[in-house]
$ cat target28.cif   # mmCIF, C-alpha atoms
data_protein
#
loop_
_atom_site.group_PDB
_atom_site.id
_atom_site.type_symbol
_atom_site.label_atom_id
_atom_site.label_comp_id
_atom_site.auth_asym_id
_atom_site.auth_seq_id
_atom_site.Cartn_x
_atom_site.Cartn_y
_atom_site.Cartn_z
ATOM 1 C CA MET I 10 30.622 39.492 -139.765
ATOM 2 C CA SER I 11 27.735 39.271 -137.315
ATOM 3 C CA ALA I 12 27.712 41.150 -134.033
ATOM 4 C CA SER I 13 29.039 39.377 -130.967
ATOM 5 C CA ILE I 14 30.097 39.857 -127.358
ATOM 6 C CA ASN I 15 33.815 40.369 -126.783
ATOM 7 C CA PRO I 16 34.433 39.483 -123.108
ATOM 8 C CA ASN I 17 37.917 40.974 -123.443
ATOM 9 C CA GLY I 18 36.728 44.184 -125.093
ATOM 10 C CA ASN I 19 37.552 47.758 -124.160
ATOM 11 C CA LEU I 20 35.067 47.678 -121.270
ATOM 12 C CA LYS I 21 36.240 44.419 -119.683
ATOM 13 C CA GLY I 22 35.948 44.733 -115.907
ATOM 14 C CA LYS I 23 33.747 47.827 -116.140
ATOM 15 C CA VAL I 24 30.291 48.163 -114.613
ATOM 16 C CA ALA I 25 27.716 50.193 -116.540
ATOM 17 C CA LEU I 26 24.328 51.432 -115.319
ATOM 18 C CA VAL I 27 21.851 52.321 -118.077
ATOM 19 C CA THR I 28 18.494 53.897 -117.226
ATOM 20 C CA GLY I 29 15.423 53.732 -119.433
ATOM 21 C CA ALA I 30 16.717 50.444 -120.845
ATOM 22 C CA SER I 31 13.568 48.359 -121.258
ATOM 23 C CA ARG I 32 13.276 49.313 -124.918
ATOM 24 C CA GLY I 33 14.480 51.639 -127.649
ATOM 25 C CA ILE I 34 17.636 53.688 -127.241
ATOM 26 C CA GLY I 35 18.408 52.502 -123.718
ATOM 27 C CA GLU I 36 18.175 48.857 -124.728
ATOM 28 C CA ALA I 37 20.466 49.463 -127.715
ATOM 29 C CA ILE I 38 23.028 51.277 -125.545
ATOM 30 C CA ALA I 39 23.023 48.444 -123.014
ATOM 31 C CA ALA I 40 23.643 45.907 -125.774
ATOM 32 C CA ARG I 41 26.512 47.946 -127.235
ATOM 33 C CA LEU I 42 28.278 48.327 -123.886
ATOM 34 C CA ALA I 43 27.854 44.621 -123.163
ATOM 35 C CA MET I 44 29.452 43.842 -126.536
ATOM 36 C CA GLU I 45 32.665 45.407 -125.229
ATOM 37 C CA GLY I 46 32.720 43.257 -122.101
ATOM 38 C CA ALA I 47 30.971 45.547 -119.618
ATOM 39 C CA LYS I 48 28.761 44.139 -116.903
ATOM 40 C CA VAL I 49 25.526 46.018 -117.512
ATOM 41 C CA VAL I 50 22.812 46.919 -115.034
ATOM 42 C CA VAL I 51 19.648 48.012 -116.824
ATOM 43 C CA SER I 52 16.817 49.883 -115.163
ATOM 44 C CA ALA I 53 13.336 51.145 -116.009
ATOM 45 C CA ARG I 54 9.793 50.893 -114.737
ATOM 46 C CA THR I 55 8.860 48.007 -117.031
ATOM 47 C CA ALA I 56 10.419 44.735 -115.904
ATOM 48 C CA GLN I 57 8.008 42.196 -117.370
ATOM 49 C CA ASP I 58 5.222 41.855 -119.918
ATOM 50 C CA GLY I 59 1.976 43.584 -119.041
ATOM 51 C CA GLU I 60 3.562 46.424 -117.063
ATOM 52 C CA SER I 61 3.449 48.937 -119.928
ATOM 53 C CA ARG I 62 1.348 49.636 -122.991
ATOM 54 C CA LEU I 63 4.609 49.869 -124.953
ATOM 55 C CA PRO I 64 6.564 46.842 -126.164
ATOM 56 C CA GLY I 65 9.854 45.981 -124.464
ATOM 57 C CA THR I 66 10.860 44.939 -120.944
ATOM 58 C CA LEU I 67 13.977 44.853 -118.800
ATOM 59 C CA MET I 68 13.780 41.069 -118.787
ATOM 60 C CA GLU I 69 13.935 41.032 -122.583
ATOM 61 C CA THR I 70 16.928 43.411 -122.598
ATOM 62 C CA VAL I 71 18.827 41.154 -120.194
ATOM 63 C CA GLU I 72 17.877 38.035 -122.144
ATOM 64 C CA ARG I 73 19.104 39.646 -125.367
ATOM 65 C CA ILE I 74 22.516 40.346 -123.827
ATOM 66 C CA LYS I 75 22.871 37.003 -122.053
ATOM 67 C CA LYS I 76 21.821 35.056 -125.143
ATOM 68 C CA ALA I 77 24.731 36.693 -126.990
ATOM 69 C CA GLY I 78 27.129 35.737 -124.180
ATOM 70 C CA GLY I 79 27.189 39.003 -122.254
ATOM 71 C CA GLU I 80 26.673 39.828 -118.597
ATOM 72 C CA ALA I 81 23.612 41.822 -117.511
ATOM 73 C CA THR I 82 21.037 42.134 -114.762
ATOM 74 C CA PHE I 83 18.008 44.341 -114.275
ATOM 75 C CA ILE I 84 16.721 46.438 -111.399
ATOM 76 C CA LYS I 85 13.210 47.811 -111.688
ATOM 77 C CA ALA I 86 13.028 51.391 -110.396
ATOM 78 C CA ASP I 87 10.886 54.513 -110.679
ATOM 79 C CA LEU I 88 13.362 57.341 -111.179
ATOM 80 C CA ALA I 89 10.755 59.903 -110.164
ATOM 81 C CA GLN I 90 11.351 58.788 -106.576
ATOM 82 C CA SER I 91 14.497 59.726 -104.647
ATOM 83 C CA ILE I 92 14.429 56.568 -102.536
ATOM 84 C CA GLU I 93 14.161 54.474 -105.699
ATOM 85 C CA ARG I 94 17.237 56.131 -107.203
ATOM 86 C CA GLU I 95 19.208 55.439 -104.037
ATOM 87 C CA ARG I 96 18.061 51.816 -104.011
ATOM 88 C CA LEU I 97 18.965 51.430 -107.683
ATOM 89 C CA VAL I 98 22.575 52.440 -107.143
ATOM 90 C CA GLU I 99 22.878 50.412 -103.944
ATOM 91 C CA GLU I 100 21.583 47.255 -105.628
ATOM 92 C CA ALA I 101 23.669 47.826 -108.757
ATOM 93 C CA VAL I 102 26.831 48.117 -106.691
ATOM 94 C CA ALA I 103 25.847 45.051 -104.676
ATOM 95 C CA ALA I 104 25.362 43.082 -107.892
ATOM 96 C CA TYR I 105 28.515 43.975 -109.807
ATOM 97 C CA GLY I 106 30.616 46.488 -107.865
ATOM 98 C CA PRO I 107 31.198 50.256 -108.137
ATOM 99 C CA ILE I 108 29.692 51.994 -111.165
ATOM 100 C CA ASP I 109 32.242 52.944 -113.832
ATOM 101 C CA ILE I 110 29.783 54.143 -116.479
ATOM 102 C CA LEU I 111 26.469 55.912 -115.889
ATOM 103 C CA ILE I 112 24.125 56.409 -118.841
ATOM 104 C CA ASN I 113 21.198 58.716 -118.019
ATOM 105 C CA ASN I 114 18.649 57.871 -120.689
ATOM 106 C CA ALA I 115 15.342 57.556 -118.808
ATOM 107 C CA ALA I 116 12.675 60.112 -119.659
ATOM 108 C CA ILE I 117 9.016 60.845 -119.290
ATOM 109 C CA THR I 118 7.592 63.321 -121.759
ATOM 110 C CA TYR I 119 4.353 65.172 -122.343
ATOM 111 C CA PHE I 120 3.926 67.265 -125.485
ATOM 112 C CA THR I 121 1.499 69.934 -124.313
ATOM 113 C CA PRO I 122 1.424 73.706 -124.941
ATOM 114 C CA VAL I 123 2.605 75.809 -121.995
ATOM 115 C CA VAL I 124 -0.831 77.335 -121.445
ATOM 116 C CA GLU I 125 -2.245 73.849 -120.823
ATOM 117 C CA PHE I 126 0.699 72.298 -118.962
ATOM 118 C CA THR I 127 -0.156 71.117 -115.451
ATOM 119 C CA GLU I 128 2.117 71.642 -112.466
ATOM 120 C CA LYS I 129 2.136 67.898 -111.737
ATOM 121 C CA ARG I 130 3.378 66.981 -115.214
ATOM 122 C CA PHE I 131 5.935 69.816 -115.255
ATOM 123 C CA LYS I 132 7.437 68.689 -111.954
ATOM 124 C CA LEU I 133 7.449 65.046 -113.035
ATOM 125 C CA MET I 134 9.339 65.834 -116.236
ATOM 126 C CA MET I 135 11.867 67.960 -114.351
ATOM 127 C CA GLU I 136 12.293 65.223 -111.743
ATOM 128 C CA VAL I 137 12.937 62.417 -114.226
ATOM 129 C CA GLN I 138 14.820 64.285 -116.955
ATOM 130 C CA VAL I 139 16.854 66.763 -114.903
ATOM 131 C CA TYR I 140 17.010 65.951 -111.206
ATOM 132 C CA ALA I 141 17.292 62.166 -111.623
ATOM 133 C CA PRO I 142 20.482 62.442 -113.755
ATOM 134 C CA PHE I 143 21.793 65.006 -111.231
ATOM 135 C CA HIS I 144 21.003 62.766 -108.246
ATOM 136 C CA LEU I 145 22.297 59.558 -109.854
ATOM 137 C CA SER I 146 25.513 61.385 -110.686
ATOM 138 C CA GLN I 147 25.802 62.445 -107.043
ATOM 139 C CA LEU I 148 25.363 58.815 -105.994
ATOM 140 C CA VAL I 149 28.042 57.352 -108.286
ATOM 141 C CA LEU I 150 30.592 60.180 -108.197
ATOM 142 C CA PRO I 151 32.164 59.564 -104.756
ATOM 143 C CA SER I 152 33.414 56.146 -105.863
ATOM 144 C CA MET I 153 34.512 57.476 -109.247
ATOM 145 C CA ILE I 154 36.426 60.313 -107.607
ATOM 146 C CA GLU I 155 38.059 57.937 -105.139
ATOM 147 C CA ARG I 156 39.154 55.625 -107.953
ATOM 148 C CA LYS I 157 40.028 58.496 -110.338
ATOM 149 C CA THR I 158 38.018 57.013 -113.187
ATOM 150 C CA GLY I 159 34.525 57.242 -114.567
ATOM 151 C CA HIS I 160 32.268 58.164 -117.470
ATOM 152 C CA ILE I 161 28.831 59.777 -117.361
ATOM 153 C CA VAL I 162 26.821 60.160 -120.565
ATOM 154 C CA ASN I 163 23.521 62.033 -120.573
ATOM 155 C CA ILE I 164 21.093 61.534 -123.445
ATOM 156 C CA SER I 165 19.652 64.779 -124.779
ATOM 157 C CA SER I 166 17.693 65.832 -127.849
ATOM 158 C CA PRO I 167 17.735 68.488 -130.582
ATOM 159 C CA ALA I 168 14.740 69.860 -128.651
ATOM 160 C CA GLY I 169 17.297 71.557 -126.398
ATOM 161 C CA ILE I 170 18.237 73.910 -129.246
ATOM 162 C CA HIS I 171 16.482 77.297 -129.196
ATOM 163 C CA PRO I 172 13.679 77.567 -131.779
ATOM 164 C CA ALA I 173 14.655 79.600 -134.834
ATOM 165 C CA LYS I 174 12.611 82.203 -136.636
ATOM 166 C CA PRO I 175 10.440 82.291 -138.600
ATOM 167 C CA TYR I 176 8.321 80.552 -135.964
ATOM 168 C CA ARG I 177 5.908 78.036 -137.410
ATOM 169 C CA GLY I 178 4.160 77.076 -134.216
ATOM 170 C CA GLY I 179 5.263 74.291 -131.913
ATOM 171 C CA ARG I 180 3.666 71.048 -130.961
ATOM 172 C CA GLY I 181 4.014 71.384 -127.217
ATOM 173 C CA GLY I 182 7.752 70.744 -126.966
ATOM 174 C CA THR I 183 8.693 73.762 -124.835
ATOM 175 C CA VAL I 184 8.978 71.920 -121.513
ATOM 176 C CA TYR I 185 10.807 69.008 -123.127
ATOM 177 C CA GLY I 186 13.297 71.438 -124.638
ATOM 178 C CA LEU I 187 13.662 73.190 -121.289
ATOM 179 C CA CYS I 188 14.562 69.887 -119.625
ATOM 180 C CA LYS I 189 17.139 68.967 -122.245
ATOM 181 C CA ALA I 190 18.746 72.419 -122.198
ATOM 182 C CA ALA I 191 19.060 72.168 -118.412
ATOM 183 C CA LEU I 192 20.553 68.668 -118.699
ATOM 184 C CA GLU I 193 23.148 69.898 -121.178
ATOM 185 C CA ARG I 194 24.213 72.824 -118.975
ATOM 186 C CA PHE I 195 24.439 70.514 -115.964
ATOM 187 C CA SER I 196 26.628 68.133 -117.958
ATOM 188 C CA THR I 197 29.172 70.708 -119.098
ATOM 189 C CA GLY I 198 29.313 72.212 -115.614
ATOM 190 C CA LEU I 199 29.895 68.829 -114.007
ATOM 191 C CA ALA I 200 32.535 67.999 -116.612
ATOM 192 C CA SER I 201 34.525 71.024 -115.500
ATOM 193 C CA GLU I 202 34.104 70.118 -111.817
ATOM 194 C CA VAL I 203 35.408 66.556 -112.107
ATOM 195 C CA TYR I 204 37.983 67.056 -114.862
ATOM 196 C CA ALA I 205 40.873 66.834 -112.400
ATOM 197 C CA ASP I 206 39.440 63.556 -111.107
ATOM 198 C CA ASN I 207 39.787 61.900 -114.529
ATOM 199 C CA ILE I 208 36.034 61.619 -114.986
ATOM 200 C CA ALA I 209 34.369 62.368 -118.316
ATOM 201 C CA VAL I 210 30.875 63.858 -118.548
ATOM 202 C CA ASN I 211 29.285 64.209 -121.954
ATOM 203 C CA VAL I 212 25.961 64.678 -123.723
ATOM 204 C CA VAL I 213 24.867 62.987 -126.902
ATOM 205 C CA SER I 214 21.641 63.396 -128.830
ATOM 206 C CA PRO I 215 20.251 60.844 -131.259
ATOM 207 C CA GLY I 216 18.807 61.676 -134.594
ATOM 208 C CA LEU I 217 15.177 60.766 -135.148
ATOM 209 C CA VAL I 218 15.067 57.088 -134.160
ATOM 210 C CA ASP I 219 12.140 54.739 -134.705
ATOM 211 C CA THR I 220 11.494 53.640 -131.114
ATOM 212 C CA PRO I 221 8.247 52.738 -129.292
ATOM 213 C CA GLY I 222 8.303 56.095 -127.480
ATOM 214 C CA VAL I 223 8.736 58.049 -130.690
ATOM 215 C CA ALA I 224 5.842 56.126 -132.219
ATOM 216 C CA VAL I 225 3.543 56.984 -129.303
ATOM 217 C CA HIS I 226 4.154 60.699 -129.820
ATOM 218 C CA GLY I 227 3.757 60.438 -133.600
ATOM 219 C CA LEU I 228 7.123 62.061 -134.291
ATOM 220 C CA ILE I 229 7.727 60.137 -137.502
ATOM 221 C CA ASN I 230 5.509 61.377 -140.305
ATOM 222 C CA GLU I 231 5.653 62.284 -143.986
ATOM 223 C CA GLN I 232 7.695 65.401 -143.239
ATOM 224 C CA SER I 233 10.208 63.699 -140.949
ATOM 225 C CA LYS I 234 10.501 60.132 -142.282
ATOM 226 C CA ASP I 235 13.572 60.949 -144.382
ATOM 227 C CA ARG I 236 15.450 61.979 -141.219
ATOM 228 C CA VAL I 237 14.999 58.640 -139.432
ATOM 229 C CA GLN I 238 18.347 57.273 -138.266
ATOM 230 C CA PRO I 239 19.287 53.688 -137.379
ATOM 231 C CA ILE I 240 19.453 53.101 -133.624
ATOM 232 C CA GLU I 241 23.013 51.806 -134.006
ATOM 233 C CA TYR I 242 24.240 55.410 -134.413
ATOM 234 C CA ILE I 243 23.265 56.543 -130.927
ATOM 235 C CA ALA I 244 24.438 53.263 -129.371
ATOM 236 C CA GLU I 245 27.858 53.634 -130.984
ATOM 237 C CA ALA I 246 28.152 57.309 -130.068
ATOM 238 C CA VAL I 247 27.385 56.550 -126.431
ATOM 239 C CA TYR I 248 29.942 53.732 -126.373
ATOM 240 C CA GLN I 249 32.626 56.054 -127.758
ATOM 241 C CA LEU I 250 31.851 58.720 -125.147
ATOM 242 C CA ALA I 251 31.719 56.089 -122.390
ATOM 243 C CA SER I 252 35.142 54.708 -123.242
ATOM 244 C CA GLY I 253 37.128 57.707 -124.460
ATOM 245 C CA ASP I 254 40.019 59.518 -122.797
ATOM 246 C CA PRO I 255 38.503 61.661 -119.991
ATOM 247 C CA LYS I 256 41.129 64.329 -120.602
ATOM 248 C CA THR I 257 40.272 64.857 -124.254
ATOM 249 C CA LEU I 258 36.697 63.612 -124.692
ATOM 250 C CA THR I 259 34.691 65.423 -122.025
ATOM 251 C CA GLY I 260 32.381 68.396 -121.645
ATOM 252 C CA ARG I 261 30.899 67.855 -125.069
ATOM 253 C CA VAL I 262 27.361 68.241 -126.372
ATOM 254 C CA ASP I 263 27.325 66.001 -129.415
ATOM 255 C CA TYR I 264 24.934 64.565 -131.965
ATOM 256 C CA ALA I 265 25.384 60.916 -132.816
ATOM 257 C CA GLU I 266 26.039 60.979 -136.555
ATOM 258 C CA PRO I 267 28.349 64.047 -136.630
ATOM 259 C CA LEU I 268 30.341 62.595 -133.715
ATOM 260 C CA LEU I 269 30.921 59.322 -135.537
ATOM 261 C CA LYS I 270 31.962 61.226 -138.668
ATOM 262 C CA GLU I 271 34.421 63.257 -136.594
ATOM 263 C CA LEU I 272 35.881 60.061 -135.161
ATOM 264 C CA ASN I 273 35.818 58.434 -138.613
ATOM 265 C CA LEU I 274 33.753 55.519 -137.346
ATOM 266 C CA LYS I 275 30.827 53.503 -138.573
ATOM 267 C CA PRO I 276 28.321 52.163 -136.048
ATOM 268 C CA SER I 277 28.714 48.522 -135.081
ATOM 269 C CA GLU I 278 25.947 46.034 -135.667
ATOM 270 C CA LEU I 279 24.211 45.191 -132.381
ATOM 271 C CA VAL I 280 23.758 41.767 -130.810
#

$ encode --input "target28.cif" --output "structure tokens"
Amino acid sequence: MSASINPNGNLKGKVALVTGASRGIGEAIAARLAMEGAKVVVSARTAQDGESRLPGTLMETVERIKKAGGEATFIKADLAQSIERERLVEEAVAAYGPIDILINNAAITYFTPVVEFTEKRFKLMMEVQVYAPFHLSQLVLPSMIERKTGHIVNISSPAGIHPAKPYRGGRGGTVYGLCKAALERFSTGLASEVYADNIAVNVVSPGLVDTPGVAVHGLINEQSKDRVQPIEYIAEAVYQLASGDPKTLTGRVDYAEPLLKELNLKPSELV
């Protein structure tokens, strides 16, 4: 059975905002949420062809969803800018209504040893990977709290795990790991704060997924190729966390494949 949009799915009537959705994991997540009937707002810096050296655009993500019968729109935004984050939420709400599901997936990453890391790049990574999810959460939470419903899912990485001895040398991932560890601690703290408001906040990390961003950083090689995981795993894991019971499925730091095994689920094919 081929994948399709179910307009009367579990997310019928819900509005989802997915950042970093011009390609890769964000695009896959947007498609999966749309399959369950959500109205999806996708955002990134690349709206059309020629705006990035990487393949994939917001326009293509929206076309993919609409071609399958789903509902989606895009809003181009630079999440490194506070005013852009505020505009993003304002325009998303104007388009579809209050945000029910926020997926913080956008990232900018530099793999550079600490001794060589510039202040500008450090601050940019912290802004996009830590403060942007924090700020976007602040912007959508008042409505969620008022309505006593909401799901926030933050996309992390195994890089957030402390390196284990014996050390074999890194490849400049210290700042990336720092950002993801901070994002995870923010997520569990926020989950405890809004638990009484029936809002779920969770973290999920993908396995090694063959995306344009991963290719740029050369993360798939002879040593790692056997660990590559289909993108459907992270998309399905995010959907489960974005639709689960806020009283039982919240405050978690999960990895896509183990989560699906725990829930006894197989990832759905994507439209």

$ atom_distance --input "target28.cif" --atom1 "atom CA of Val50 of chain I" --atom2 "atom CA of Gly186 of chain I"
28.0 Å

$ axis_aligned_box --input "target28.cif" --around "segment 50-68 of chain I" --padding-each-side "8 Å" --output "lines of an AutoDock Vina configuration file"
center_x = 12.1
center_y = 46.1
center_z = -120.5
size_x = 37.5
size_y = 26.1
size_z = 27.4

$ atom_distance --input "target28.cif" --atom1 "atom CA of Gln138 of chain I" --atom2 "atom CA of Glu93 of chain I"
14.9 Å

$ resolve_selection --input "target28.cif" --expression "the PyMOL selection byres ((chain I and resi 27) around 9)" --output "list in words"
Ala25, Leu26, Thr28, Gly29, Ala30, Gly35, Glu36, Ile38, Ala39, Val49, Val50, Val51, Ser52, Ala53, Ile110, Leu111, Ile112, Asn113, Asn114 and Ala115 of chain I

$ residues_around --input "target28.cif" --residues "Ala191 of chain I" --least-positions-apart "4" --cutoff "12 Å" --atoms "all atoms listed in the file" --output "list in words"
Met134, Met135, Glu136, Gln138, Val139, Tyr140, Pro142, Phe143, Asn163, Ile164, Ser165, Ser166, Ala168, Gly169, Ile170, Val184, Tyr185, Gly186, Leu187, Phe195, Ser196, Thr197, Gly198 and Val212 of chain I

$ atom_distance --input "target28.cif" --atom1 "atom CA of Ile117 of chain I" --atom2 "atom CA of Lys132 of chain I"
10.9 Å

$ residues_around --input "target28.cif" --residues "Ser152 of chain I" --least-positions-apart "4" --cutoff "8 Å" --atoms "all atoms listed in the file" --output "count of residues only"
3

$ closest_residue --input "target28.cif" --among "I:Leu63, I:Ala81, I:Ile74, I:Ala104" --to "Lys48 of chain I" --atoms "all atoms listed in the file"
I:Ala81

$ closest_residue --input "target28.cif" --among "I:Asp87, I:Glu45, I:Asp263, I:Asp58" --to "Val280 of chain I" --atoms "only C-alpha atoms"
I:Glu45

$ resolve_selection --input "target28.cif" --expression "the PyMOL selection byres ((chain I and resi 254) around 12)" --output "list in words"
Thr158, Gly159, His160, Tyr204, Asn207, Ile208, Ala209, Val210, Asn211, Gln249, Leu250, Ala251, Ser252, Gly253, Pro255, Lys256, Thr257, Leu258, Thr259 and Gly260 of chain I

$ resolve_selection --input "target28.cif" --expression "the PyMOL selection byres ((chain I and resi 274) around 12)" --output "ChimeraX atom specification"
/I:241-242,245-246,248-249,265-273,275-277

$ write_last_selection --input "target28.cif" --atoms "C-alpha atoms" --output "compact mmCIF listing (two decimals), in the frame of the given file"
# COMPACT_ATOMS: atom_id res chain seq x y z
CA GLU I 241 23.01 51.81 -134.01
CA TYR I 242 24.24 55.41 -134.41
CA GLU I 245 27.86 53.63 -130.98
CA ALA I 246 28.15 57.31 -130.07
CA TYR I 248 29.94 53.73 -126.37
CA GLN I 249 32.63 56.05 -127.76
CA ALA I 265 25.38 60.92 -132.82
CA GLU I 266 26.04 60.98 -136.56
CA PRO I 267 28.35 64.05 -136.63
CA LEU I 268 30.34 62.60 -133.72
CA LEU I 269 30.92 59.32 -135.54
CA LYS I 270 31.96 61.23 -138.67
CA GLU I 271 34.42 63.26 -136.59
CA LEU I 272 35.88 60.06 -135.16
CA ASN I 273 35.82 58.43 -138.61
CA LYS I 275 30.83 53.50 -138.57
CA PRO I 276 28.32 52.16 -136.05
CA SER I 277 28.71 48.52 -135.08

$ residues_around --input "target28.cif" --residues "Gly46 of chain I" --least-positions-apart "4" --cutoff "12 Å" --atoms "all atoms listed in the file" --output "list in words"
Ser13, Ile14, Asn15, Pro16, Asn17, Gly18, Asn19, Leu20, Lys21, Gly22, Lys23, Val24, Ala25, Ala39, Ala40, Arg41, Leu42, Ile74, Lys75, Ala77, Gly78, Gly79, Glu80, Ala81, Tyr248 and Ser252 of chain I

$ residues_around --input "target28.cif" --residues "Arg54 of chain I" --least-positions-apart "5" --cutoff "9 Å" --atoms "all atoms listed in the file" --output "list in words"
Gly29, Ser31, Glu60, Ser61, Thr66, Leu67, Ile84, Lys85, Ala86, Asp87 and Leu88 of chain I

$ closest_residue --input "target28.cif" --among "I:Arg180, I:Arg261, I:His144, I:Arg32" --to "Val71 of chain I" --atoms "all atoms listed in the file"
I:Arg32

$ closest_residue --input "target28.cif" --among "I:Met68, I:Phe126, I:Val137, I:Gly216" --to "Leu192 of chain I" --atoms "only C-alpha atoms"
I:Val137

$ closest_residue --input "target28.cif" --among "I:Val203, I:Val262, I:Ala43, I:Ala116" --to "Val162 of chain I" --atoms "only C-alpha atoms"
I:Val262

$ closest_residue --input "target28.cif" --among "I:Leu148, I:Arg177, I:Gly33, I:Ala12" --to "Ile243 of chain I" --atoms "all atoms listed in the file"
I:Gly33

$ decode --input "target28.cif" --residues "segment 109-115 of chain I" --atoms "all heavy atoms" --output "mmCIF file, in the first residue's frame"
data_model
loop_
_atom_site.group_PDB
_atom_site.id
_atom_site.type_symbol
_atom_site.label_atom_id
_atom_site.label_comp_id
_atom_site.auth_asym_id
_atom_site.auth_seq_id
_atom_site.Cartn_x
_atom_site.Cartn_y
_atom_site.Cartn_z
ATOM 1 N N ASP I 109 -0.189 24.251 17.046
ATOM 2 C CA ASP I 109 -0.416 23.107 17.944
ATOM 3 C C ASP I 109 0.840 22.277 18.120
ATOM 4 O O ASP I 109 1.041 21.663 19.174
ATOM 5 C CB ASP I 109 -1.525 22.208 17.378
ATOM 6 C CG ASP I 109 -2.846 22.930 17.245
ATOM 7 O OD1 ASP I 109 -3.445 23.249 18.277
ATOM 8 O OD2 ASP I 109 -3.267 23.177 16.091
ATOM 9 N N ILE I 110 1.672 22.239 17.072
ATOM 10 C CA ILE I 110 2.873 21.404 17.066
ATOM 11 C C ILE I 110 4.044 22.230 16.566
ATOM 12 O O ILE I 110 3.982 22.810 15.483
ATOM 13 C CB ILE I 110 2.680 20.177 16.141
ATOM 14 C CG1 ILE I 110 1.510 19.306 16.618
ATOM 15 C CG2 ILE I 110 3.965 19.365 16.057
ATOM 16 C CD1 ILE I 110 1.065 18.270 15.588
ATOM 17 N N LEU I 111 5.098 22.306 17.368
ATOM 18 C CA LEU I 111 6.323 23.000 16.969
ATOM 19 C C LEU I 111 7.447 21.982 16.876
ATOM 20 O O LEU I 111 7.748 21.292 17.858
ATOM 21 C CB LEU I 111 6.687 24.087 17.981
ATOM 22 C CG LEU I 111 8.065 24.745 17.809
ATOM 23 C CD1 LEU I 111 8.153 25.494 16.477
ATOM 24 C CD2 LEU I 111 8.372 25.683 18.977
ATOM 25 N N ILE I 112 8.059 21.892 15.700
ATOM 26 C CA ILE I 112 9.206 21.005 15.499
ATOM 27 C C ILE I 112 10.437 21.867 15.264
ATOM 28 O O ILE I 112 10.568 22.515 14.220
ATOM 29 C CB ILE I 112 9.004 20.060 14.297
ATOM 30 C CG1 ILE I 112 7.632 19.374 14.342
ATOM 31 C CG2 ILE I 112 10.147 19.040 14.244
ATOM 32 C CD1 ILE I 112 7.414 18.474 15.539
ATOM 33 N N ASN I 113 11.356 21.883 16.214
ATOM 34 C CA ASN I 113 12.592 22.661 16.100
ATOM 35 C C ASN I 113 13.684 21.775 15.504
ATOM 36 O O ASN I 113 14.338 21.009 16.207
ATOM 37 C CB ASN I 113 13.009 23.182 17.471
ATOM 38 C CG ASN I 113 12.144 24.331 17.943
ATOM 39 O OD1 ASN I 113 11.973 25.327 17.242
ATOM 40 N ND2 ASN I 113 11.583 24.207 19.144
ATOM 41 N N ASN I 114 13.851 21.906 14.193
ATOM 42 C CA ASN I 114 14.815 21.069 13.479
ATOM 43 C C ASN I 114 15.957 21.868 12.858
ATOM 44 O O ASN I 114 17.019 21.325 12.583
ATOM 45 C CB ASN I 114 14.082 20.279 12.380
ATOM 46 C CG ASN I 114 15.030 19.558 11.446
ATOM 47 O OD1 ASN I 114 15.715 18.622 11.844
ATOM 48 N ND2 ASN I 114 15.073 20.002 10.196
ATOM 49 N N ALA I 115 15.759 23.163 12.651
ATOM 50 C CA ALA I 115 16.761 23.979 11.959
ATOM 51 C C ALA I 115 18.099 23.959 12.698
ATOM 52 O O ALA I 115 18.155 23.948 13.925
ATOM 53 C CB ALA I 115 16.267 25.416 11.825
#
